[in-house]
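Asker: First the structure, then my questions, so here it is.
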Amino acid sequence: DRHVLRETFTELMPPDVVRDPHKWHAPLQPDARRTSPCSYDAPGEDTLRNRTLVWDTGAGVGNTSFPILRANPCIFSFASDVSAVAIRKLRASPEYDVRRIHAFVDDLADTPLPSEPVIPEGRLHFVVCVWTLSAIEPAQHSAVARRLFRALRPGGMVLLRDYAVGDLTQSRHAVLEATSGTHVRKDGTLAVFLTLPWLRDTFESAGFHCVDAHYEERTVHNRKLGLVMARRWCQAKFRKDSIP
């Protein structure tokens, strides 16, 4: 939900949005004469200059990037996803403006080839991980954290929101590894349910300082079906203070 993003990650928002995160913001309107959604080239220095650089990992079709970009005109988003289908849909959005966003296919758990740099290493202000680590094998989380550390500038932050152990959806999946909270969905994809100690250890081992880590719990009532659903998420912020 776009309002939750603006309330949760206030570091990304200008003061007027922090005061009123529910304020309406107009959709992005690319200038067709100056930009082309078919451009696959990484943004140049002129595009990135004086921008707040954000990497939206696991971007999907833009449900995180677009609300953030609407609310803060100073942000440029690098939006990546392992799914080429999702990236094609993101690029086809009428809001896709190459002056504000660059979408590309990327496996966060893999190391990109040196000949194919997309993320400007050591320059990002923020990395957003919303429902990202839960789709990656726990054994690869440490490598992911190290990659994010390299991408950020000193003082840069990882802003994370993901499924926690004990969330309602955990009971819907078959258990793959009970000790790690890893489950498998019916379609064969992974669903990893996280704990705060796991997140702290993973990111602090990579060199981060934990600014905040807590469980977000909410009871959702579905009156139509007569259901009461207990939802539980991990919410955390990790800062790169220096080069280790």
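Convention: chains lettered A, B, ... in structure tokens order; per-chain residue numbering from 1; ligands numbered from 1 as shown.
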Using only C-alpha atoms, which residues sit within 7 Å of Arg123 in chain A once same-chain residues fewer than 2 positions away are excluded, as a ChimeraX atom specification?
Answerer: /A:120-121,125,151-153
Asker: For Arg100 in chain A, work out the shell of residues within 10 Å, counting only C-alpha atoms and skipping chain neighbours fewer than 6 positions away, then give it as an MDAnalysis selection string.
Answerer: chainID A and resid 28 30 43 47:48 51 53 65:66 69:70 73:78
Asker: Step one, run DSSP on the backbone; step two, keep only residues of range 23-233 of chain A assigned to strand (DSSP E); then write them as a compact mmCIF listing (two decimals) with all heavy atoms, in the first residue's frame.
Answerer:
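What ended up in states_36.txt:
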```txt
# COMPACT_ATOMS: atom_id res chain seq x y z
N THR A 52 18.34 11.76 -5.49
CA THR A 52 18.45 10.76 -4.43
C THR A 52 18.31 9.41 -5.11
O THR A 52 17.28 9.11 -5.72
CB THR A 52 17.34 10.94 -3.38
OG1 THR A 52 17.48 12.22 -2.77
CG2 THR A 52 17.42 9.85 -2.32
N LEU A 53 19.37 8.59 -5.03
CA LEU A 53 19.41 7.34 -5.78
C LEU A 53 18.90 6.18 -4.92
O LEU A 53 19.42 5.92 -3.83
CB LEU A 53 20.83 7.06 -6.26
CG LEU A 53 21.49 8.17 -7.08
CD1 LEU A 53 22.88 7.75 -7.54
CD2 LEU A 53 20.62 8.56 -8.27
N VAL A 54 17.88 5.50 -5.43
CA VAL A 54 17.23 4.42 -4.69
C VAL A 54 17.23 3.16 -5.56
O VAL A 54 16.93 3.21 -6.75
CB VAL A 54 15.77 4.80 -4.34
CG1 VAL A 54 15.07 3.64 -3.65
CG2 VAL A 54 15.75 6.04 -3.45
N TRP A 55 17.54 2.03 -4.94
CA TRP A 55 17.46 0.75 -5.62
C TRP A 55 16.26 -0.01 -5.06
O TRP A 55 16.25 -0.36 -3.88
CB TRP A 55 18.75 -0.04 -5.42
CG TRP A 55 18.80 -1.37 -6.13
CD1 TRP A 55 17.89 -1.88 -7.01
CD2 TRP A 55 19.83 -2.36 -6.00
NE1 TRP A 55 18.28 -3.12 -7.45
CE2 TRP A 55 19.47 -3.44 -6.86
CE3 TRP A 55 21.01 -2.43 -5.28
CZ2 TRP A 55 20.25 -4.59 -6.97
CZ3 TRP A 55 21.79 -3.56 -5.39
CH2 TRP A 55 21.42 -4.63 -6.23
N ASP A 56 15.26 -0.24 -5.87
CA ASP A 56 14.07 -1.00 -5.49
C ASP A 56 14.31 -2.44 -5.91
O ASP A 56 14.15 -2.80 -7.07
CB ASP A 56 12.84 -0.41 -6.17
CG ASP A 56 11.57 -1.19 -5.88
OD1 ASP A 56 11.60 -2.08 -5.01
OD2 ASP A 56 10.54 -0.89 -6.53
N THR A 57 14.71 -3.28 -4.96
CA THR A 57 14.99 -4.69 -5.25
C THR A 57 13.68 -5.46 -5.26
O THR A 57 12.79 -5.19 -4.46
CB THR A 57 15.93 -5.29 -4.20
OG1 THR A 57 15.27 -5.28 -2.93
CG2 THR A 57 17.22 -4.49 -4.10
N ILE A 75 13.77 11.78 -6.38
CA ILE A 75 14.28 10.41 -6.40
C ILE A 75 14.44 9.89 -7.82
O ILE A 75 13.61 10.13 -8.70
CB ILE A 75 13.35 9.48 -5.59
CG1 ILE A 75 13.55 9.69 -4.09
CG2 ILE A 75 13.57 8.01 -5.95
CD1 ILE A 75 12.65 8.85 -3.23
N PHE A 76 15.53 9.14 -8.03
CA PHE A 76 15.68 8.30 -9.22
C PHE A 76 15.73 6.87 -8.73
O PHE A 76 16.48 6.53 -7.82
CB PHE A 76 16.96 8.61 -10.00
CG PHE A 76 17.07 7.82 -11.28
CD1 PHE A 76 16.61 8.35 -12.47
CD2 PHE A 76 17.59 6.53 -11.28
CE1 PHE A 76 16.67 7.61 -13.64
CE2 PHE A 76 17.65 5.77 -12.44
CZ PHE A 76 17.20 6.33 -13.64
N SER A 77 14.91 6.00 -9.34
CA SER A 77 14.81 4.61 -8.90
C SER A 77 15.45 3.65 -9.89
O SER A 77 15.13 3.66 -11.08
CB SER A 77 13.34 4.22 -8.70
OG SER A 77 13.22 2.85 -8.38
N PHE A 78 16.36 2.81 -9.37
CA PHE A 78 16.82 1.64 -10.10
C PHE A 78 15.89 0.50 -9.66
O PHE A 78 15.89 0.12 -8.49
CB PHE A 78 18.27 1.30 -9.74
CG PHE A 78 19.26 2.31 -10.23
CD1 PHE A 78 19.63 3.38 -9.43
CD2 PHE A 78 19.83 2.20 -11.48
CE1 PHE A 78 20.55 4.32 -9.88
CE2 PHE A 78 20.76 3.13 -11.94
CZ PHE A 78 21.10 4.19 -11.14
N ALA A 79 15.08 -0.01 -10.57
CA ALA A 79 14.06 -1.01 -10.23
C ALA A 79 14.44 -2.34 -10.87
O ALA A 79 14.46 -2.48 -12.09
CB ALA A 79 12.69 -0.55 -10.72
N SER A 80 14.75 -3.32 -10.03
CA SER A 80 15.18 -4.61 -10.55
C SER A 80 14.27 -5.73 -10.09
O SER A 80 13.64 -5.65 -9.03
CB SER A 80 16.62 -4.91 -10.12
OG SER A 80 16.69 -5.14 -8.72
N ASP A 81 14.23 -6.78 -10.88
CA ASP A 81 13.47 -7.97 -10.51
C ASP A 81 14.05 -9.16 -11.26
O ASP A 81 14.58 -9.00 -12.38
CB ASP A 81 11.98 -7.81 -10.85
CG ASP A 81 11.11 -8.79 -10.08
OD1 ASP A 81 11.01 -9.96 -10.51
OD2 ASP A 81 10.56 -8.41 -9.04
N ILE A 101 13.32 6.60 -13.65
CA ILE A 101 13.40 5.19 -13.28
C ILE A 101 14.10 4.39 -14.37
O ILE A 101 13.96 4.69 -15.56
CB ILE A 101 11.98 4.62 -13.01
CG1 ILE A 101 12.04 3.16 -12.53
CG2 ILE A 101 11.08 4.77 -14.23
CD1 ILE A 101 10.71 2.62 -12.05
N HIS A 102 14.87 3.41 -13.93
CA HIS A 102 15.51 2.48 -14.86
C HIS A 102 15.23 1.06 -14.37
O HIS A 102 15.65 0.67 -13.28
CB HIS A 102 17.03 2.71 -14.93
CG HIS A 102 17.74 1.73 -15.82
ND1 HIS A 102 17.58 1.72 -17.18
CD2 HIS A 102 18.60 0.70 -15.53
CE1 HIS A 102 18.31 0.75 -17.71
NE2 HIS A 102 18.94 0.12 -16.73
N ALA A 103 14.48 0.30 -15.16
CA ALA A 103 14.09 -1.06 -14.78
C ALA A 103 14.93 -2.07 -15.53
O ALA A 103 15.19 -1.93 -16.73
CB ALA A 103 12.60 -1.28 -15.08
N PHE A 104 15.36 -3.11 -14.83
CA PHE A 104 16.22 -4.11 -15.45
C PHE A 104 16.08 -5.44 -14.72
O PHE A 104 15.73 -5.50 -13.54
CB PHE A 104 17.68 -3.65 -15.44
CG PHE A 104 18.24 -3.38 -14.07
CD1 PHE A 104 19.06 -4.30 -13.43
CD2 PHE A 104 17.93 -2.19 -13.41
CE1 PHE A 104 19.56 -4.04 -12.17
CE2 PHE A 104 18.45 -1.92 -12.14
CZ PHE A 104 19.26 -2.86 -11.53
N VAL A 105 16.36 -6.52 -15.44
CA VAL A 105 16.31 -7.86 -14.87
C VAL A 105 17.59 -8.09 -14.08
O VAL A 105 18.69 -7.80 -14.56
CB VAL A 105 16.17 -8.92 -15.98
CG1 VAL A 105 16.21 -10.33 -15.38
CG2 VAL A 105 14.87 -8.72 -16.76
N LEU A 124 24.63 4.77 -3.96
CA LEU A 124 23.20 4.79 -3.65
C LEU A 124 22.93 5.38 -2.27
O LEU A 124 23.69 5.17 -1.32
CB LEU A 124 22.62 3.38 -3.71
CG LEU A 124 22.67 2.65 -5.05
CD1 LEU A 124 21.94 1.33 -4.93
CD2 LEU A 124 22.06 3.49 -6.17
N HIS A 125 21.83 6.11 -2.18
CA HIS A 125 21.40 6.64 -0.89
C HIS A 125 20.56 5.63 -0.11
O HIS A 125 20.66 5.56 1.12
CB HIS A 125 20.57 7.92 -1.10
CG HIS A 125 21.33 9.05 -1.73
ND1 HIS A 125 21.48 9.16 -3.09
CD2 HIS A 125 21.99 10.10 -1.18
CE1 HIS A 125 22.18 10.25 -3.36
NE2 HIS A 125 22.51 10.84 -2.22
N PHE A 126 19.73 4.86 -0.85
CA PHE A 126 18.83 3.91 -0.19
C PHE A 126 18.67 2.65 -1.05
O PHE A 126 18.71 2.72 -2.28
CB PHE A 126 17.44 4.51 0.03
CG PHE A 126 17.42 5.71 0.93
CD1 PHE A 126 17.38 6.99 0.40
CD2 PHE A 126 17.44 5.56 2.31
CE1 PHE A 126 17.37 8.10 1.22
CE2 PHE A 126 17.43 6.67 3.15
CZ PHE A 126 17.39 7.94 2.61
N VAL A 127 18.47 1.53 -0.35
CA VAL A 127 18.03 0.29 -0.99
C VAL A 127 16.73 -0.12 -0.32
O VAL A 127 16.64 -0.17 0.91
CB VAL A 127 19.06 -0.84 -0.85
CG1 VAL A 127 18.49 -2.14 -1.42
CG2 VAL A 127 20.37 -0.48 -1.55
N VAL A 128 15.70 -0.36 -1.12
CA VAL A 128 14.40 -0.76 -0.60
C VAL A 128 14.21 -2.25 -0.85
O VAL A 128 14.30 -2.72 -1.99
CB VAL A 128 13.26 0.04 -1.26
CG1 VAL A 128 11.91 -0.45 -0.76
CG2 VAL A 128 13.43 1.52 -0.99
N CYS A 129 13.97 -3.00 0.23
CA CYS A 129 13.71 -4.44 0.14
C CYS A 129 12.32 -4.72 0.70
O CYS A 129 12.16 -4.89 1.92
CB CYS A 129 14.75 -5.22 0.93
SG CYS A 129 16.44 -5.14 0.29
N VAL A 130 11.34 -4.74 -0.16
CA VAL A 130 9.96 -5.02 0.25
C VAL A 130 9.56 -6.36 -0.34
O VAL A 130 9.50 -6.52 -1.56
CB VAL A 130 9.00 -3.90 -0.22
CG1 VAL A 130 7.56 -4.26 0.12
CG2 VAL A 130 9.38 -2.58 0.43
N LEU A 152 25.79 0.84 -1.56
CA LEU A 152 25.45 2.06 -0.83
C LEU A 152 26.66 2.95 -0.57
O LEU A 152 27.78 2.48 -0.41
CB LEU A 152 24.82 1.69 0.52
CG LEU A 152 23.38 1.16 0.47
CD1 LEU A 152 23.03 0.49 1.78
CD2 LEU A 152 22.41 2.29 0.17
N ARG A 153 26.41 4.24 -0.49
CA ARG A 153 27.42 5.19 -0.04
C ARG A 153 27.46 5.17 1.48
O ARG A 153 26.50 4.72 2.13
CB ARG A 153 27.07 6.60 -0.53
CG ARG A 153 25.76 7.15 0.02
CD ARG A 153 25.54 8.57 -0.44
NE ARG A 153 25.47 8.66 -1.88
CZ ARG A 153 25.63 9.80 -2.56
NH1 ARG A 153 25.84 10.93 -1.91
NH2 ARG A 153 25.56 9.79 -3.87
N PRO A 154 28.55 5.64 2.10
CA PRO A 154 28.56 5.75 3.56
C PRO A 154 27.38 6.61 4.03
O PRO A 154 27.13 7.68 3.49
CB PRO A 154 29.90 6.43 3.85
CG PRO A 154 30.77 6.00 2.72
CD PRO A 154 29.86 5.97 1.51
N GLY A 155 26.65 6.11 5.01
CA GLY A 155 25.45 6.78 5.47
C GLY A 155 24.19 6.29 4.78
O GLY A 155 23.08 6.60 5.23
N GLY A 156 24.35 5.53 3.70
CA GLY A 156 23.19 4.98 2.99
C GLY A 156 22.50 3.91 3.81
O GLY A 156 23.09 3.30 4.72
N MET A 157 21.23 3.65 3.48
CA MET A 157 20.42 2.74 4.30
C MET A 157 19.67 1.71 3.48
O MET A 157 19.23 1.98 2.36
CB MET A 157 19.41 3.54 5.13
CG MET A 157 20.02 4.45 6.18
SD MET A 157 18.74 5.33 7.11
CE MET A 157 18.01 3.97 8.02
N VAL A 158 19.53 0.52 4.07
CA VAL A 158 18.61 -0.50 3.58
C VAL A 158 17.31 -0.35 4.36
O VAL A 158 17.31 -0.32 5.59
CB VAL A 158 19.17 -1.92 3.78
CG1 VAL A 158 18.11 -2.96 3.44
CG2 VAL A 158 20.41 -2.14 2.92
N LEU A 159 16.20 -0.23 3.64
CA LEU A 159 14.87 -0.12 4.24
C LEU A 159 14.12 -1.40 3.90
O LEU A 159 13.88 -1.69 2.73
CB LEU A 159 14.15 1.10 3.70
CG LEU A 159 14.92 2.43 3.82
CD1 LEU A 159 14.16 3.55 3.11
CD2 LEU A 159 15.17 2.78 5.27
N LEU A 160 13.75 -2.17 4.92
CA LEU A 160 13.27 -3.54 4.70
C LEU A 160 11.91 -3.78 5.34
O LEU A 160 11.65 -3.35 6.47
CB LEU A 160 14.30 -4.52 5.26
CG LEU A 160 14.06 -6.01 5.08
CD1 LEU A 160 15.40 -6.74 4.93
CD2 LEU A 160 13.26 -6.61 6.24
N ARG A 161 11.07 -4.46 4.61
CA ARG A 161 9.76 -4.91 5.12
C ARG A 161 9.49 -6.27 4.48
O ARG A 161 9.53 -6.40 3.25
CB ARG A 161 8.66 -3.91 4.77
CG ARG A 161 7.27 -4.26 5.33
CD ARG A 161 6.30 -3.13 4.99
NE ARG A 161 4.93 -3.40 5.38
CZ ARG A 161 4.41 -3.11 6.56
NH1 ARG A 161 5.16 -2.54 7.49
NH2 ARG A 161 3.14 -3.37 6.84
N ASP A 162 9.24 -7.30 5.32
CA ASP A 162 9.09 -8.64 4.76
C ASP A 162 8.32 -9.53 5.73
O ASP A 162 8.07 -9.17 6.88
CB ASP A 162 10.47 -9.24 4.45
CG ASP A 162 10.46 -10.05 3.17
OD1 ASP A 162 9.45 -10.74 2.90
OD2 ASP A 162 11.46 -10.02 2.42
N TYR A 163 7.98 -10.72 5.25
CA TYR A 163 7.19 -11.65 6.04
C TYR A 163 7.97 -12.17 7.25
O TYR A 163 9.15 -12.49 7.14
CB TYR A 163 6.76 -12.84 5.18
CG TYR A 163 5.91 -12.47 4.00
CD1 TYR A 163 6.39 -12.55 2.69
CD2 TYR A 163 4.61 -12.02 4.19
CE1 TYR A 163 5.60 -12.21 1.60
CE2 TYR A 163 3.80 -11.68 3.10
CZ TYR A 163 4.31 -11.77 1.82
OH TYR A 163 3.53 -11.41 0.75
N ALA A 174 3.58 -25.63 2.33
CA ALA A 174 4.24 -26.83 2.82
C ALA A 174 5.62 -26.47 3.37
O ALA A 174 6.34 -25.64 2.81
CB ALA A 174 4.40 -27.84 1.68
N VAL A 175 6.01 -27.13 4.47
CA VAL A 175 7.30 -26.84 5.08
C VAL A 175 8.42 -27.49 4.28
O VAL A 175 8.37 -28.68 3.98
CB VAL A 175 7.35 -27.33 6.54
CG1 VAL A 175 8.72 -27.11 7.14
CG2 VAL A 175 6.29 -26.63 7.36
N LEU A 176 9.44 -26.69 3.94
CA LEU A 176 10.61 -27.21 3.25
C LEU A 176 11.74 -27.42 4.26
O LEU A 176 12.38 -28.46 4.31
CB LEU A 176 11.07 -26.23 2.16
CG LEU A 176 12.19 -26.68 1.25
CD1 LEU A 176 11.77 -27.89 0.46
CD2 LEU A 176 12.58 -25.55 0.30
N GLU A 177 11.98 -26.40 5.09
CA GLU A 177 12.97 -26.48 6.16
C GLU A 177 12.37 -25.81 7.39
O GLU A 177 12.34 -24.59 7.48
CB GLU A 177 14.26 -25.77 5.76
CG GLU A 177 14.99 -26.38 4.58
CD GLU A 177 16.24 -25.57 4.24
OE1 GLU A 177 16.94 -25.12 5.16
OE2 GLU A 177 16.49 -25.40 3.05
N THR A 182 11.62 -21.78 6.05
CA THR A 182 11.50 -21.82 4.60
C THR A 182 10.38 -22.78 4.19
O THR A 182 10.33 -23.91 4.64
CB THR A 182 12.81 -22.27 3.94
OG1 THR A 182 13.84 -21.36 4.33
CG2 THR A 182 12.69 -22.27 2.43
N HIS A 183 9.48 -22.27 3.35
CA HIS A 183 8.36 -23.06 2.88
C HIS A 183 8.36 -23.04 1.35
O HIS A 183 9.07 -22.26 0.73
CB HIS A 183 7.03 -22.49 3.39
CG HIS A 183 6.89 -22.56 4.89
ND1 HIS A 183 7.76 -21.93 5.74
CD2 HIS A 183 5.97 -23.19 5.66
CE1 HIS A 183 7.38 -22.17 7.00
NE2 HIS A 183 6.30 -22.92 6.97
N VAL A 184 7.55 -23.90 0.77
CA VAL A 184 7.42 -23.92 -0.68
C VAL A 184 5.94 -23.75 -1.03
O VAL A 184 5.08 -24.39 -0.44
CB VAL A 184 8.00 -25.22 -1.29
CG1 VAL A 184 7.27 -26.44 -0.77
CG2 VAL A 184 7.96 -25.17 -2.81
N LEU A 190 9.75 -20.31 -3.48
CA LEU A 190 10.05 -20.29 -2.05
C LEU A 190 9.28 -19.20 -1.33
O LEU A 190 8.94 -18.16 -1.91
CB LEU A 190 11.54 -20.06 -1.83
CG LEU A 190 12.49 -21.20 -2.22
CD1 LEU A 190 13.93 -20.80 -1.89
CD2 LEU A 190 12.13 -22.49 -1.53
N ALA A 191 9.02 -19.43 -0.06
CA ALA A 191 8.45 -18.42 0.84
C ALA A 191 9.22 -18.53 2.14
O ALA A 191 9.03 -19.50 2.89
CB ALA A 191 6.97 -18.64 1.06
N VAL A 192 10.11 -17.58 2.39
CA VAL A 192 10.94 -17.60 3.58
C VAL A 192 10.35 -16.64 4.61
O VAL A 192 10.13 -15.46 4.31
CB VAL A 192 12.40 -17.20 3.26
CG1 VAL A 192 13.26 -17.24 4.51
CG2 VAL A 192 12.98 -18.11 2.19
N HIS A 209 25.06 -1.22 10.40
CA HIS A 209 24.59 -0.90 11.75
C HIS A 209 23.07 -0.95 11.75
O HIS A 209 22.42 -0.36 10.88
CB HIS A 209 25.06 0.51 12.16
CG HIS A 209 24.40 1.03 13.40
ND1 HIS A 209 24.65 0.51 14.65
CD2 HIS A 209 23.46 2.00 13.58
CE1 HIS A 209 23.92 1.16 15.54
NE2 HIS A 209 23.19 2.06 14.92
N CYS A 210 22.50 -1.66 12.73
CA CYS A 210 21.04 -1.77 12.81
C CYS A 210 20.47 -0.51 13.46
O CYS A 210 20.72 -0.23 14.63
CB CYS A 210 20.65 -3.01 13.61
SG CYS A 210 18.87 -3.24 13.74
N VAL A 211 19.70 0.24 12.69
CA VAL A 211 19.07 1.46 13.19
C VAL A 211 17.75 1.12 13.87
O VAL A 211 17.40 1.70 14.91
CB VAL A 211 18.83 2.44 12.03
CG1 VAL A 211 18.06 3.68 12.50
CG2 VAL A 211 20.16 2.84 11.39
N ASP A 212 17.01 0.18 13.29
CA ASP A 212 15.71 -0.20 13.85
C ASP A 212 15.35 -1.57 13.32
O ASP A 212 15.62 -1.90 12.15
CB ASP A 212 14.63 0.81 13.44
CG ASP A 212 13.24 0.37 13.89
OD1 ASP A 212 13.04 0.21 15.10
OD2 ASP A 212 12.37 0.19 13.02
N ALA A 213 14.76 -2.39 14.20
CA ALA A 213 14.25 -3.70 13.78
C ALA A 213 13.13 -4.09 14.73
O ALA A 213 13.34 -4.19 15.95
CB ALA A 213 15.37 -4.74 13.79
N HIS A 214 11.96 -4.29 14.21
CA HIS A 214 10.83 -4.67 15.05
C HIS A 214 9.81 -5.45 14.23
O HIS A 214 9.84 -5.45 13.00
CB HIS A 214 10.17 -3.44 15.68
CG HIS A 214 9.52 -2.53 14.69
ND1 HIS A 214 10.22 -1.54 14.01
CD2 HIS A 214 8.24 -2.45 14.25
CE1 HIS A 214 9.39 -0.89 13.21
NE2 HIS A 214 8.18 -1.42 13.33
N TYR A 215 8.94 -6.14 14.96
CA TYR A 215 7.85 -6.85 14.30
C TYR A 215 6.65 -5.93 14.19
O TYR A 215 6.31 -5.20 15.12
CB TYR A 215 7.45 -8.10 15.10
CG TYR A 215 8.49 -9.20 15.10
CD1 TYR A 215 9.17 -9.54 16.26
CD2 TYR A 215 8.78 -9.90 13.93
CE1 TYR A 215 10.11 -10.55 16.28
CE2 TYR A 215 9.73 -10.91 13.92
CZ TYR A 215 10.41 -11.23 15.10
OH TYR A 215 11.34 -12.22 15.10
N GLU A 216 6.03 -5.96 13.04
CA GLU A 216 4.78 -5.23 12.81
C GLU A 216 3.67 -6.26 12.80
O GLU A 216 3.67 -7.20 11.97
CB GLU A 216 4.85 -4.50 11.47
CG GLU A 216 3.71 -3.56 11.20
CD GLU A 216 3.92 -2.19 11.81
OE1 GLU A 216 5.05 -1.89 12.27
OE2 GLU A 216 2.95 -1.42 11.81
N GLU A 217 2.73 -6.13 13.71
CA GLU A 217 1.65 -7.10 13.82
C GLU A 217 0.30 -6.42 13.63
O GLU A 217 0.08 -5.31 14.11
CB GLU A 217 1.71 -7.80 15.17
CG GLU A 217 3.00 -8.59 15.37
CD GLU A 217 3.08 -9.26 16.74
OE1 GLU A 217 2.45 -8.74 17.67
OE2 GLU A 217 3.77 -10.28 16.85
N ARG A 218 -0.58 -7.11 12.92
CA ARG A 218 -1.89 -6.52 12.63
C ARG A 218 -2.94 -7.63 12.54
O ARG A 218 -2.67 -8.69 11.96
CB ARG A 218 -1.83 -5.73 11.32
CG ARG A 218 -3.08 -4.94 11.00
CD ARG A 218 -2.93 -4.20 9.69
NE ARG A 218 -1.75 -3.33 9.69
CZ ARG A 218 -1.30 -2.71 8.62
NH1 ARG A 218 -1.91 -2.86 7.46
NH2 ARG A 218 -0.23 -1.94 8.69
N THR A 219 -4.09 -7.37 13.10
CA THR A 219 -5.20 -8.30 12.98
C THR A 219 -6.16 -7.77 11.91
O THR A 219 -6.65 -6.65 12.00
CB THR A 219 -5.96 -8.45 14.31
OG1 THR A 219 -5.04 -8.95 15.30
CG2 THR A 219 -7.10 -9.43 14.17
N VAL A 220 -6.37 -8.57 10.89
CA VAL A 220 -7.22 -8.18 9.77
C VAL A 220 -8.53 -8.94 9.85
O VAL A 220 -8.54 -10.18 9.96
CB VAL A 220 -6.51 -8.46 8.42
CG1 VAL A 220 -7.41 -8.06 7.26
CG2 VAL A 220 -5.18 -7.73 8.35
N HIS A 221 -9.65 -8.21 9.81
CA HIS A 221 -10.97 -8.83 9.89
C HIS A 221 -11.61 -8.87 8.50
O HIS A 221 -11.73 -7.84 7.84
CB HIS A 221 -11.88 -8.03 10.83
CG HIS A 221 -11.38 -8.00 12.25
ND1 HIS A 221 -11.78 -8.92 13.20
CD2 HIS A 221 -10.51 -7.16 12.87
CE1 HIS A 221 -11.18 -8.65 14.34
NE2 HIS A 221 -10.42 -7.59 14.18
N ASN A 222 -11.98 -10.05 8.07
CA ASN A 222 -12.74 -10.22 6.83
C ASN A 222 -14.17 -10.54 7.22
O ASN A 222 -14.52 -11.70 7.49
CB ASN A 222 -12.13 -11.33 5.96
CG ASN A 222 -12.77 -11.41 4.60
OD1 ASN A 222 -13.98 -11.24 4.45
ND2 ASN A 222 -11.98 -11.67 3.57
N LEU A 227 -13.70 -14.14 8.93
CA LEU A 227 -12.35 -14.57 9.30
C LEU A 227 -11.62 -13.47 10.05
O LEU A 227 -11.79 -12.29 9.79
CB LEU A 227 -11.55 -14.93 8.04
CG LEU A 227 -12.07 -16.09 7.19
CD1 LEU A 227 -11.21 -16.23 5.94
CD2 LEU A 227 -12.07 -17.39 8.00
N VAL A 228 -10.78 -13.91 11.00
CA VAL A 228 -9.86 -13.02 11.68
C VAL A 228 -8.45 -13.50 11.36
O VAL A 228 -8.09 -14.64 11.68
CB VAL A 228 -10.09 -13.01 13.21
CG1 VAL A 228 -9.08 -12.10 13.89
CG2 VAL A 228 -11.51 -12.56 13.53
N MET A 229 -7.67 -12.65 10.71
CA MET A 229 -6.36 -13.06 10.20
C MET A 229 -5.24 -12.31 10.92
O MET A 229 -5.25 -11.08 10.98
CB MET A 229 -6.28 -12.81 8.69
CG MET A 229 -7.33 -13.58 7.90
SD MET A 229 -7.41 -13.09 6.16
CE MET A 229 -8.26 -11.53 6.29
N ALA A 230 -4.30 -13.06 11.46
CA ALA A 230 -3.16 -12.47 12.16
C ALA A 230 -2.00 -12.31 11.18
O ALA A 230 -1.45 -13.29 10.68
CB ALA A 230 -2.74 -13.37 13.32
N ARG A 231 -1.65 -11.06 10.88
CA ARG A 231 -0.54 -10.78 9.97
C ARG A 231 0.67 -10.31 10.76
O ARG A 231 0.54 -9.59 11.76
CB ARG A 231 -0.94 -9.71 8.95
CG ARG A 231 -2.17 -10.01 8.13
CD ARG A 231 -2.11 -11.39 7.44
NE ARG A 231 -0.89 -11.63 6.73
CZ ARG A 231 -0.67 -11.28 5.45
NH1 ARG A 231 -1.63 -10.67 4.78
NH2 ARG A 231 0.48 -11.55 4.86
N ARG A 232 1.85 -10.68 10.31
CA ARG A 232 3.09 -10.36 11.03
C ARG A 232 4.22 -10.13 10.04
O ARG A 232 4.48 -10.97 9.18
CB ARG A 232 3.43 -11.51 11.98
CG ARG A 232 4.45 -11.17 13.08
CD ARG A 232 4.46 -12.30 14.10
NE ARG A 232 5.20 -11.92 15.29
CZ ARG A 232 6.34 -12.50 15.68
NH1 ARG A 232 6.86 -13.48 14.96
NH2 ARG A 232 6.95 -12.11 16.78
N TRP A 233 4.87 -8.97 10.16
CA TRP A 233 5.97 -8.63 9.27
C TRP A 233 7.20 -8.21 10.07
O TRP A 233 7.10 -7.74 11.21
CB TRP A 233 5.58 -7.48 8.34
CG TRP A 233 4.36 -7.74 7.53
CD1 TRP A 233 4.26 -8.53 6.43
CD2 TRP A 233 3.05 -7.20 7.75
NE1 TRP A 233 2.97 -8.52 5.95
CE2 TRP A 233 2.20 -7.70 6.74
CE3 TRP A 233 2.51 -6.32 8.70
CZ2 TRP A 233 0.86 -7.38 6.65
CZ3 TRP A 233 1.15 -6.00 8.61
CH2 TRP A 233 0.36 -6.53 7.60
```
Asker: I'd like to know which of A:Thr202, A:Asn63, A:Thr8, A:Ser93 is closest to Phe149 in chain A, using only C-alpha atoms.
Answerer: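 Ranked by minimum distance to Phe149 in chain A, first place goes to A:Thr202.
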Asker: So how many Å separate CA of Val4 in chain A and CA of His25 in chain A, to one decimal?
Answerer: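 Separation of CA of Val4 in chain A and CA of His25 in chain A: 14.4 Å.
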Asker: Pick the closest to Trp198 in chain A from A:Val17, A:Leu168, A:Leu90, A:Ala139: which is it, counting only C-alpha atoms?
Answerer: A:Ala139
Asker: Which of these, A:Leu148, A:Leu225, A:Ala143, A:Val61, has the shortest distance to Ile87 in chain A once you count only C-alpha atoms?
Answerer: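 When distances to Ile87 in chain A are compared using only C-alpha atoms, the smallest one comes from A:Val61.
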Asker: Give me, please, the distance in Å between CA of Pro21 in chain A and CA of Thr195 in chain A, quoted to one decimal.
Answerer: 27.9 Å
Asker: Interatomic distance between CA of Asp201 in chain A and CA of Gly60 in chain A?
Answerer: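 Separation between CA of Asp201 in chain A and CA of Gly60 in chain A: 27.1 Å.
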Asker: Using backbone DSSP assignments, extract all alpha helix (DSSP H) residues from range 34-211 of chain A; output them as number ranges by chain.
Answerer: A: 45-48, 65-71, 84-91, 141-151, 196-205
